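The structure file target-v5.cif is reproduced below (mmCIF, C-alpha atoms).
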data_upload
loop_
_atom_site.group_PDB
_atom_site.id
_atom_site.type_symbol
_atom_site.label_atom_id
_atom_site.label_comp_id
_atom_site.auth_asym_id
_atom_site.auth_seq_id
_atom_site.Cartn_x
_atom_site.Cartn_y
_atom_site.Cartn_z
ATOM 1 C CA MET A 233 -66.457 -14.770 -133.563
ATOM 2 C CA THR A 234 -69.903 -14.863 -132.009
ATOM 3 C CA ALA A 235 -69.905 -11.099 -131.624
ATOM 4 C CA ALA A 236 -68.786 -10.611 -135.228
ATOM 5 C CA THR A 237 -71.393 -12.916 -136.708
ATOM 6 C CA ALA A 238 -74.354 -12.170 -134.431
ATOM 7 C CA PRO A 239 -77.347 -10.400 -135.947
ATOM 8 C CA VAL A 240 -77.160 -6.616 -135.556
ATOM 9 C CA SER A 241 -80.545 -6.731 -133.841
ATOM 10 C CA ASP A 242 -78.863 -8.525 -130.919
ATOM 11 C CA LEU A 243 -76.795 -5.395 -130.394
ATOM 12 C CA LEU A 244 -79.421 -2.752 -131.141
ATOM 13 C CA GLY A 245 -82.526 -4.552 -129.934
ATOM 14 C CA ASP A 246 -85.489 -5.538 -132.082
ATOM 15 C CA SER A 247 -87.733 -2.571 -131.348
ATOM 16 C CA GLY A 248 -88.883 -0.419 -134.255
ATOM 17 C CA TRP A 249 -87.179 2.475 -132.464
ATOM 18 C CA SER A 250 -83.780 0.805 -132.126
ATOM 19 C CA VAL A 251 -81.992 2.755 -134.873
ATOM 20 C CA ILE A 252 -83.338 6.139 -133.733
ATOM 21 C CA SER A 253 -82.431 5.180 -130.183
ATOM 22 C CA VAL A 254 -78.872 4.366 -131.250
ATOM 23 C CA PHE A 255 -78.499 7.709 -133.034
ATOM 24 C CA HIS A 256 -79.810 9.512 -129.936
ATOM 25 C CA GLY A 257 -77.415 7.632 -127.647
ATOM 26 C CA LEU A 258 -74.410 7.934 -129.939
ATOM 27 C CA GLY A 259 -75.131 11.629 -130.512
ATOM 28 C CA ALA A 260 -75.264 12.204 -126.773
ATOM 29 C CA THR A 261 -72.027 10.265 -126.268
ATOM 30 C CA ALA A 262 -70.184 12.202 -128.994
ATOM 31 C CA PHE A 263 -71.576 15.399 -127.456
ATOM 32 C CA LEU A 264 -70.357 14.327 -124.011
ATOM 33 C CA LEU A 265 -66.861 13.531 -125.295
ATOM 34 C CA GLY A 266 -66.532 16.822 -127.199
ATOM 35 C CA ALA A 267 -68.061 18.900 -124.421
ATOM 36 C CA THR A 268 -65.812 17.336 -121.772
ATOM 37 C CA ILE A 269 -62.685 18.379 -123.672
ATOM 38 C CA ALA A 270 -64.284 21.776 -124.340
ATOM 39 C CA VAL A 271 -64.903 22.221 -120.595
ATOM 40 C CA TYR A 272 -61.251 21.586 -119.830
ATOM 41 C CA LEU A 273 -60.199 24.157 -122.433
ATOM 42 C CA ALA A 274 -62.909 26.563 -121.213
ATOM 43 C CA TRP A 275 -61.394 26.288 -117.740
ATOM 44 C CA ARG A 276 -57.979 27.114 -119.206
ATOM 45 C CA LEU A 277 -59.576 30.133 -120.873
ATOM 46 C CA TYR A 278 -61.306 31.184 -117.656
ATOM 47 C CA ILE A 279 -58.029 31.248 -115.722
ATOM 48 C CA GLY A 280 -56.274 32.982 -118.603
ATOM 49 C CA GLU A 281 -53.898 30.185 -119.463
ATOM 50 C CA ILE A 282 -55.306 28.742 -122.664
ATOM 51 C CA LYS A 283 -52.907 27.568 -125.348
ATOM 52 C CA ALA A 284 -55.319 25.853 -127.725
ATOM 53 C CA PHE A 285 -57.840 28.621 -128.360
ATOM 54 C CA LYS A 286 -58.740 27.392 -131.847
ATOM 55 C CA ASP A 287 -59.395 23.904 -130.498
ATOM 56 C CA LEU A 288 -61.810 25.403 -127.976
ATOM 57 C CA LYS A 289 -63.600 27.354 -130.711
ATOM 58 C CA TRP A 290 -64.116 24.254 -132.811
ATOM 59 C CA LEU A 291 -65.063 22.032 -129.871
ATOM 60 C CA ALA A 292 -67.643 24.582 -128.728
ATOM 61 C CA ALA A 293 -69.087 24.655 -132.260
ATOM 62 C CA PHE A 294 -69.049 20.845 -132.392
ATOM 63 C CA SER A 295 -70.784 20.646 -129.013
ATOM 64 C CA THR A 296 -73.467 23.069 -130.208
ATOM 65 C CA LEU A 297 -74.060 20.965 -133.308
ATOM 66 C CA MET A 298 -74.166 17.707 -131.335
ATOM 67 C CA SER A 299 -76.551 19.243 -128.830
ATOM 68 C CA ALA A 300 -78.944 20.136 -131.665
ATOM 69 C CA VAL A 301 -78.590 16.692 -133.276
ATOM 70 C CA THR A 302 -79.126 14.882 -129.972
ATOM 71 C CA ILE A 303 -82.187 16.992 -129.151
ATOM 72 C CA ALA A 304 -83.627 16.303 -132.621
ATOM 73 C CA PHE A 305 -83.207 12.539 -132.215
ATOM 74 C CA GLY A 306 -84.485 12.871 -128.645
ATOM 75 C CA ASN A 307 -87.695 14.419 -129.978
ATOM 76 C CA TRP A 308 -88.018 11.556 -132.419
ATOM 77 C CA ILE A 309 -87.486 8.819 -129.846
ATOM 78 C CA TYR A 310 -89.863 10.633 -127.480
ATOM 79 C CA ILE A 311 -92.698 9.517 -129.805
ATOM 80 C CA GLY A 312 -91.818 5.916 -128.960
ATOM 81 C CA TYR A 313 -91.477 6.753 -125.274
ATOM 82 C CA ARG A 314 -95.007 8.242 -125.178
ATOM 83 C CA ALA A 315 -96.642 5.624 -127.406
ATOM 84 C CA ALA A 316 -99.307 3.304 -125.984
ATOM 85 C CA GLY A 317 -97.549 0.478 -124.174
ATOM 86 C CA GLY A 318 -94.261 2.387 -124.236
ATOM 87 C CA PRO A 319 -91.926 3.219 -121.349
ATOM 88 C CA ARG A 320 -94.068 6.144 -120.151
ATOM 89 C CA ALA A 321 -97.101 3.897 -119.695
ATOM 90 C CA TYR A 322 -94.916 1.338 -117.933
ATOM 91 C CA PHE A 323 -93.448 3.913 -115.547
ATOM 92 C CA LEU A 324 -96.803 5.529 -114.773
ATOM 93 C CA ALA A 325 -98.212 2.117 -113.914
ATOM 94 C CA ASN A 326 -95.270 0.800 -111.927
ATOM 95 C CA MET A 327 -92.878 3.614 -110.920
ATOM 96 C CA PRO A 328 -94.645 6.959 -111.484
ATOM 97 C CA ALA A 329 -91.856 9.029 -109.936
ATOM 98 C CA ILE A 330 -89.465 7.865 -112.663
ATOM 99 C CA HIS A 331 -91.588 9.585 -115.309
ATOM 100 C CA GLN A 332 -93.083 12.413 -113.282
ATOM 101 C CA VAL A 333 -89.826 13.619 -111.733
ATOM 102 C CA PHE A 334 -86.729 12.196 -113.371
ATOM 103 C CA PHE A 335 -87.824 11.876 -116.994
ATOM 104 C CA GLU A 336 -89.649 15.199 -117.049
ATOM 105 C CA PHE A 337 -86.622 16.932 -115.534
ATOM 106 C CA LYS A 338 -84.319 15.226 -118.048
ATOM 107 C CA GLU A 339 -86.448 16.182 -121.056
ATOM 108 C CA PHE A 340 -86.268 19.871 -120.141
ATOM 109 C CA ILE A 341 -82.758 20.072 -118.773
ATOM 110 C CA ALA A 342 -81.432 18.478 -121.975
ATOM 111 C CA LEU A 343 -82.747 21.512 -123.867
ATOM 112 C CA PHE A 344 -80.622 23.802 -121.679
ATOM 113 C CA THR A 345 -77.455 22.402 -123.242
ATOM 114 C CA LEU A 346 -78.157 24.009 -126.628
ATOM 115 C CA PRO A 347 -78.278 27.697 -125.603
ATOM 116 C CA MET A 348 -75.324 27.220 -123.248
ATOM 117 C CA MET A 349 -73.068 25.725 -125.906
ATOM 118 C CA PHE A 350 -74.392 28.142 -128.530
ATOM 119 C CA VAL A 351 -73.653 31.201 -126.372
ATOM 120 C CA GLY A 352 -70.169 29.938 -125.522
ATOM 121 C CA ALA A 353 -69.388 29.199 -129.177
ATOM 122 C CA PHE A 354 -70.873 32.498 -130.351
ATOM 123 C CA LEU A 355 -68.720 34.561 -127.980
ATOM 124 C CA LEU A 356 -65.558 32.640 -128.854
ATOM 125 C CA TRP A 357 -66.146 33.066 -132.586
ATOM 126 C CA LYS A 358 -67.328 36.681 -132.361
ATOM 127 C CA TYR A 359 -64.537 38.060 -130.219
ATOM 128 C CA GLY A 360 -61.820 35.685 -131.418
ATOM 129 C CA GLU A 361 -58.457 35.453 -129.698
ATOM 130 C CA GLU A 362 -58.770 39.016 -128.353
ATOM 131 C CA ILE A 363 -61.124 37.595 -125.738
ATOM 132 C CA VAL A 364 -58.194 36.056 -123.873
ATOM 133 C CA HIS A 365 -57.125 39.541 -122.759
ATOM 134 C CA ASP A 366 -60.499 40.402 -121.214
ATOM 135 C CA LYS A 367 -61.159 38.680 -117.888
ATOM 136 C CA GLU A 368 -64.912 39.309 -117.859
ATOM 137 C CA LEU A 369 -65.477 38.210 -121.443
ATOM 138 C CA ARG A 370 -63.406 35.105 -120.728
ATOM 139 C CA ALA A 371 -65.840 34.259 -117.922
ATOM 140 C CA ALA A 372 -68.866 35.070 -120.106
ATOM 141 C CA ALA A 373 -67.654 32.647 -122.801
ATOM 142 C CA SER A 374 -66.348 29.835 -120.618
ATOM 143 C CA LEU A 375 -68.922 29.506 -117.829
ATOM 144 C CA PRO A 376 -71.879 28.823 -120.175
ATOM 145 C CA ILE A 377 -69.853 25.929 -121.619
ATOM 146 C CA LEU A 378 -69.276 24.585 -118.104
ATOM 147 C CA LEU A 379 -72.981 25.002 -117.269
ATOM 148 C CA GLY A 380 -73.967 23.316 -120.535
ATOM 149 C CA TRP A 381 -71.733 20.385 -119.629
ATOM 150 C CA VAL A 382 -73.370 20.078 -116.196
ATOM 151 C CA TYR A 383 -76.836 19.999 -117.826
ATOM 152 C CA LEU A 384 -75.547 17.448 -120.334
ATOM 153 C CA VAL A 385 -74.187 15.130 -117.629
ATOM 154 C CA LEU A 386 -77.483 15.334 -115.723
ATOM 155 C CA ALA A 387 -79.500 14.509 -118.852
ATOM 156 C CA TYR A 388 -77.064 11.789 -119.933
ATOM 157 C CA VAL A 389 -77.045 9.978 -116.595
ATOM 158 C CA LEU A 390 -80.825 10.241 -116.171
ATOM 159 C CA GLY A 391 -81.369 9.110 -119.772
ATOM 160 C CA ALA A 392 -79.079 6.096 -119.390
ATOM 161 C CA ALA A 393 -80.683 5.116 -116.083
ATOM 162 C CA ILE A 394 -84.236 5.433 -117.445
ATOM 163 C CA THR A 395 -83.306 3.408 -120.547
ATOM 164 C CA LYS A 396 -81.977 0.642 -118.310
ATOM 165 C CA LEU A 397 -85.296 0.514 -116.445
ATOM 166 C CA ALA A 398 -87.451 0.440 -119.601
ATOM 167 C CA GLY A 399 -86.213 1.036 -123.131
ATOM 168 C CA VAL A 400 -88.331 1.937 -126.155
ATOM 169 C CA MET B 54 -52.509 24.320 -135.653
ATOM 170 C CA ALA B 55 -51.917 27.920 -134.541
ATOM 171 C CA THR B 56 -52.028 28.369 -130.815
ATOM 172 C CA VAL B 57 -52.197 31.228 -128.378
ATOM 173 C CA SER B 58 -48.993 30.404 -126.627
ATOM 174 C CA LYS B 59 -48.620 33.113 -124.003
ATOM 175 C CA VAL B 60 -49.840 33.026 -120.438
ATOM 176 C CA PHE B 61 -52.322 35.865 -120.704
ATOM 177 C CA LYS B 62 -53.026 36.638 -117.094
ATOM 178 C CA ASP B 63 -49.593 38.263 -116.845
ATOM 179 C CA ASP B 64 -49.948 40.147 -120.118
ATOM 180 C CA THR B 65 -49.667 43.872 -119.417
ATOM 181 C CA THR B 66 -49.980 45.134 -122.995
ATOM 182 C CA VAL B 67 -52.479 48.003 -123.323
ATOM 183 C CA ARG B 68 -55.316 46.812 -125.524
ATOM 184 C CA ARG B 69 -58.543 48.108 -127.002
ATOM 185 C CA LYS B 70 -61.499 47.386 -124.688
ATOM 186 C CA LEU B 71 -63.900 45.028 -126.416
ATOM 187 C CA PRO B 72 -67.543 46.195 -126.420
ATOM 188 C CA THR B 73 -69.543 43.820 -124.255
ATOM 189 C CA GLY B 74 -73.050 44.570 -125.568
ATOM 190 C CA ALA B 75 -73.132 41.591 -127.943
ATOM 191 C CA ALA B 76 -72.085 39.255 -125.129
ATOM 192 C CA VAL B 77 -74.806 40.578 -122.802
ATOM 193 C CA ALA B 78 -77.367 40.248 -125.612
ATOM 194 C CA ALA B 79 -76.403 36.619 -126.281
ATOM 195 C CA LEU B 80 -76.520 35.704 -122.589
ATOM 196 C CA LEU B 81 -79.827 37.460 -121.911
ATOM 197 C CA ALA B 82 -81.498 36.010 -125.008
ATOM 198 C CA ALA B 83 -80.587 32.467 -123.934
ATOM 199 C CA LEU B 84 -82.060 33.216 -120.505
ATOM 200 C CA VAL B 85 -85.234 34.764 -121.994
ATOM 201 C CA GLY B 86 -85.739 31.593 -124.042
ATOM 202 C CA LEU B 87 -85.314 29.288 -121.052
ATOM 203 C CA LEU B 88 -87.528 31.379 -118.753
ATOM 204 C CA THR B 89 -90.180 31.409 -121.492
ATOM 205 C CA LEU B 90 -89.930 27.615 -121.633
ATOM 206 C CA ALA B 91 -90.391 27.467 -117.855
ATOM 207 C CA VAL B 92 -93.419 29.780 -117.879
ATOM 208 C CA VAL B 93 -95.064 27.973 -120.809
ATOM 209 C CA ASN B 94 -94.459 24.651 -119.072
ATOM 210 C CA ILE B 95 -96.090 25.869 -115.849
ATOM 211 C CA TYR B 96 -99.069 27.305 -117.726
ATOM 212 C CA SER B 97 -99.392 24.068 -119.683
ATOM 213 C CA ASP B 98 -99.535 22.219 -116.355
ATOM 214 C CA MET B 99 -102.281 24.581 -115.161
ATOM 215 C CA SER B 100 -104.472 24.631 -118.252
ATOM 216 C CA ALA B 101 -105.539 21.530 -120.173
ATOM 217 C CA SER B 102 -106.886 23.695 -123.016
ATOM 218 C CA PHE B 103 -103.554 25.522 -123.380
ATOM 219 C CA SER B 104 -101.710 22.216 -123.254
ATOM 220 C CA LYS B 105 -103.937 20.946 -126.053
ATOM 221 C CA ALA B 106 -103.526 24.153 -128.056
ATOM 222 C CA ILE B 107 -99.722 23.875 -128.062
ATOM 223 C CA THR B 108 -99.753 20.229 -129.105
ATOM 224 C CA LEU B 109 -98.367 20.773 -132.582
ATOM 225 C CA ASN B 110 -97.378 17.134 -132.988
ATOM 226 C CA ALA B 111 -99.505 14.345 -131.544
ATOM 227 C CA GLY B 112 -96.462 12.083 -131.154
ATOM 228 C CA ILE B 113 -94.618 14.268 -128.674
ATOM 229 C CA GLY B 114 -97.654 16.141 -127.338
ATOM 230 C CA PRO B 115 -97.391 19.616 -125.787
ATOM 231 C CA TYR B 116 -93.599 19.290 -125.675
ATOM 232 C CA SER B 117 -93.682 20.308 -129.361
ATOM 233 C CA GLY B 118 -95.324 23.665 -128.626
ATOM 234 C CA LYS B 119 -93.082 24.274 -125.610
ATOM 235 C CA GLU B 120 -90.027 23.882 -127.834
ATOM 236 C CA VAL B 121 -91.458 26.274 -130.415
ATOM 237 C CA PHE B 122 -92.093 28.893 -127.710
ATOM 238 C CA TRP B 123 -88.580 28.351 -126.344
ATOM 239 C CA LEU B 124 -86.785 28.650 -129.678
ATOM 240 C CA SER B 125 -88.929 31.583 -130.844
ATOM 241 C CA ALA B 126 -88.390 33.549 -127.627
ATOM 242 C CA TRP B 127 -84.666 32.806 -127.708
ATOM 243 C CA PHE B 128 -83.954 33.811 -131.294
ATOM 244 C CA VAL B 129 -86.381 36.744 -131.544
ATOM 245 C CA SER B 130 -85.071 38.248 -128.297
ATOM 246 C CA TRP B 131 -81.498 37.642 -129.460
ATOM 247 C CA VAL B 132 -82.043 39.596 -132.696
ATOM 248 C CA VAL B 133 -83.711 42.468 -130.825
ATOM 249 C CA LEU B 134 -81.145 42.579 -128.017
ATOM 250 C CA HIS B 135 -78.183 42.175 -130.362
ATOM 251 C CA PHE B 136 -79.145 45.170 -132.487
ATOM 252 C CA ALA B 137 -80.028 47.201 -129.402
ATOM 253 C CA LEU B 138 -76.841 46.463 -127.453
ATOM 254 C CA ARG B 139 -74.118 45.461 -129.918
ATOM 255 C CA ARG B 140 -72.249 48.795 -129.841
ATOM 256 C CA LYS B 141 -72.694 49.396 -126.121
ATOM 257 C CA ASP B 142 -70.113 48.650 -123.508
ATOM 258 C CA LEU B 143 -72.078 47.357 -120.557
ATOM 259 C CA ASN B 144 -70.996 46.355 -117.071
ATOM 260 C CA LEU B 145 -70.459 42.683 -117.853
ATOM 261 C CA HIS B 146 -69.665 41.811 -114.238
ATOM 262 C CA LYS B 147 -73.107 42.991 -113.131
ATOM 263 C CA TRP B 148 -75.017 41.532 -116.074
ATOM 264 C CA PHE B 149 -73.227 38.200 -115.870
ATOM 265 C CA GLY B 150 -74.045 37.934 -112.164
ATOM 266 C CA ALA B 151 -77.719 38.637 -112.923
ATOM 267 C CA TRP B 152 -77.604 36.051 -115.703
ATOM 268 C CA LEU B 153 -76.247 33.382 -113.364
ATOM 269 C CA VAL B 154 -79.046 34.077 -110.866
ATOM 270 C CA GLY B 155 -81.562 33.891 -113.728
ATOM 271 C CA MET B 156 -80.115 30.548 -114.860
ATOM 272 C CA ALA B 157 -80.455 29.171 -111.337
ATOM 273 C CA VAL B 158 -84.115 30.267 -111.297
ATOM 274 C CA ALA B 159 -84.764 28.774 -114.761
ATOM 275 C CA THR B 160 -83.193 25.469 -113.695
ATOM 276 C CA LEU B 161 -85.244 25.348 -110.499
ATOM 277 C CA LEU B 162 -88.440 26.117 -112.414
ATOM 278 C CA MET B 163 -87.876 23.057 -114.602
ATOM 279 C CA TYR B 164 -87.703 20.674 -111.639
ATOM 280 C CA PRO B 165 -91.101 18.895 -111.606
ATOM 281 C CA PRO B 166 -91.846 19.156 -107.845
ATOM 282 C CA VAL B 167 -91.217 22.919 -108.107
ATOM 283 C CA PHE B 168 -93.189 23.680 -111.279
ATOM 284 C CA GLU B 169 -96.055 21.409 -110.205
ATOM 285 C CA PHE B 170 -96.212 23.157 -106.826
ATOM 286 C CA ILE B 171 -96.331 26.553 -108.567
ATOM 287 C CA ALA B 172 -98.983 25.365 -111.050
ATOM 288 C CA ASP B 173 -101.125 23.865 -108.257
ATOM 289 C CA THR B 174 -100.779 27.027 -106.140
ATOM 290 C CA LEU B 175 -101.753 29.292 -109.044
ATOM 291 C CA LYS B 176 -104.705 27.051 -109.852
ATOM 292 C CA GLY B 177 -105.775 27.308 -106.231
ATOM 293 C CA GLY B 178 -105.371 23.587 -105.656
#
Final structure tokens representation of the file:
Amino acid sequence: MTAATAPVSDLLGDSGWSVISVFHGLGATAFLLGATIAVYLAWRLYIGEIKAFKDLKWLAAFSTLMSAVTIAFGNWIYIGYRAAGGPRAYFLANMPAIHQVFFEFKEFIALFTLPMMFVGAFLLWKYGEEIVHDKELRAAASLPILLGWVYLVLAYVLGAAITKLAGV
Amino acid sequence: MATVSKVFKDDTTVRRKLPTGAAVAALLAALVGLLTLAVVNIYSDMSASFSKAITLNAGIGPYSGKEVFWLSAWFVSWVVLHFALRRKDLNLHKWFGAWLVGMAVATLLMYPPVFEFIADTLKGG
């Protein structure tokens, strides 16, 4: 009952950036869920045993879209991160390595997810189901999706950890 | 939902070889974009005036210009490479191997201790 009747701000936080932050986090989570299933199917494609090729095509397209959406909201929330008195100022004053190493790596590595998912989706849609007969094209389409997922997990874990230390 | 239900690795049917040029173009363009991002980021670390010049949005600072360079390099190179290679059948094994090495380099170049070391060395500091 308490959870159902509590003010939404108790869930989201009372910062002016709370809604943008939620969209960034939810976008990343939806991206992670879609990309994780896509990676499993990409592995099936890589070994030549895929049965749900159309599912992989759509999940790769979904992952590309969610990557773009998450990056867009990430850019938006980055304004709050860099603002005077924001998390960046806090980290530089108290834990400089958090900003100078982990956040800076996260902000760039997150961008890597978009071209990886885009390339994977492009090859799957361009070549269609014929790709399953070509071992090298199978690798060219599936490994970027796997790489994109690795970059996503890195950015997701670093982002969640940094948010726990100091949110916007 | 239609599915591809066979186990393809045992499929011995003779099939038309798919041209690989478009795949190589897509892979290389993504790499060109990311290496451009890495180079712009290093140069931005070296030069305060360049960093200021690529600050297209005060809120996110030079990150805005870095993204513009990245996306521009990626999509422009993709268009050029796609039209140059789309009908060619290239050695995908070789090109994909080179691409993977390039991706490893691009990833390493984005790690702050690495790009800061390179920027400091190039600045002579």
Worksheet item: Residues picked by the PyMOL selection byres ((chain A) within 6 of (chain B)) here, as an MDAnalysis selection string?
Response: chainID A and resid 280:281 283:284 311 333 337 347
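Residues surrounding Glu361 (chain A) within 9 Å are Phe285, Lys286, Leu356, Trp357, Tyr359, Ile363, Val364 and His365 of chain A; Val57 of chain B [only C-alpha atoms; sequence separation below 2 positions excluded].
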Now that the selection is made, can you save its residues with C-alpha atoms as a compact mmCIF listing (two decimals), keeping the file's coordinate frame?
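Generated output (result-v3.txt):
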# COMPACT_ATOMS: atom_id res chain seq x y z
CA PHE A 285 -57.84 28.62 -128.36
CA LYS A 286 -58.74 27.39 -131.85
CA LEU A 356 -65.56 32.64 -128.85
CA TRP A 357 -66.15 33.07 -132.59
CA TYR A 359 -64.54 38.06 -130.22
CA ILE A 363 -61.12 37.60 -125.74
CA VAL A 364 -58.19 36.06 -123.87
CA HIS A 365 -57.12 39.54 -122.76
CA VAL B 57 -52.20 31.23 -128.38
Response to the item:
As a check of understanding: the span from CA of Val382 (chain A) to CA of Thr268 (chain A) is 9.8 Å
Practice prompt. Evaluate the PyMOL selection byres ((chain A and resi 379) around 12) here and jot the selected residues down as a ChimeraX atom specification.
Written response: /A:267-268,270-271,274-275,341-342,344-352,371-378,380-386 /B:153,156-157,160
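Close contacts of Thr174 (chain B), defined as residues with an atom at most 12 Å away when counting only C-alpha atoms, with chain neighbours fewer than 3 positions off set aside, comprise Ile95, Tyr96, Asp98, Met99, Val167, Phe168, Glu169, Phe170, Ile171, Gly177 and Gly178 of chain B.
One finds CA of Leu264 (chain A) at 20.9 Å from CA of Ile282 (chain A).
Minimum atom-to-atom distance to Val85 (chain B), evaluated using only C-alpha atoms, belongs to B:Gly155 out of B:Asp173, B:Pro115, B:Arg140, B:Gly155.
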Which residues are close to Lys338 (chain A), i.e. within 8 Å by all atoms listed in the file, leaving aside same-chain residues fewer than 2 positions away? Reply as a short mmCIF file (atom, residue, chain, number, x, y, z; two decimals) with C-alpha atoms, in the frame of the given file.
data_model
loop_
_atom_site.label_atom_id
_atom_site.label_comp_id
_atom_site.auth_asym_id
_atom_site.auth_seq_id
_atom_site.Cartn_x
_atom_site.Cartn_y
_atom_site.Cartn_z
CA PHE A 334 -86.73 12.20 -113.37
CA PHE A 335 -87.82 11.88 -116.99
CA GLU A 336 -89.65 15.20 -117.05
CA PHE A 340 -86.27 19.87 -120.14
CA ILE A 341 -82.76 20.07 -118.77
CA ALA A 342 -81.43 18.48 -121.98
CA LEU A 386 -77.48 15.33 -115.72
CA ALA A 387 -79.50 14.51 -118.85
CA LEU A 390 -80.82 10.24 -116.17
CA GLY A 391 -81.37 9.11 -119.77
#
Worksheet entry | Output of the PyMOL selection byres ((chain A and resi 292) around 7), listed as a VMD selection string | chain A and resid 270 288 to 291 293 to 296 349 352 to 353
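Distances from A:Ile394, A:Ile330, A:Ile309, A:Leu324 to Ser247 (chain A) were compared using only C-alpha atoms, and the smallest one belongs to A:Ile309.
Counting from CA of Ala304 (chain A), the distance to CA of Pro319 (chain A) is 19.2 Å.
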Once you add 3 Å to each side, what are the centre and edge lengths of the axis-aligned box holding all listed atoms of region 379-395 of chain A? One decimal in Å, as JSON, if you can.
{"center_x": -78.0, "center_y": 14.2, "center_z": -118.1, "size_x": 18.5, "size_y": 27.6, "size_z": 10.8}
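For the choices B:Ala172, B:Ala101, B:Lys147, B:Thr89, the atom-to-atom distance to Phe128 (chain B) is smallest for B:Thr89 when using only C-alpha atoms.
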Worksheet entry | Proximity to Gly312 (chain A) - best of A:Ala260, A:Val251, A:Leu397, A:Ala325, all atoms listed in the file | A:Val251
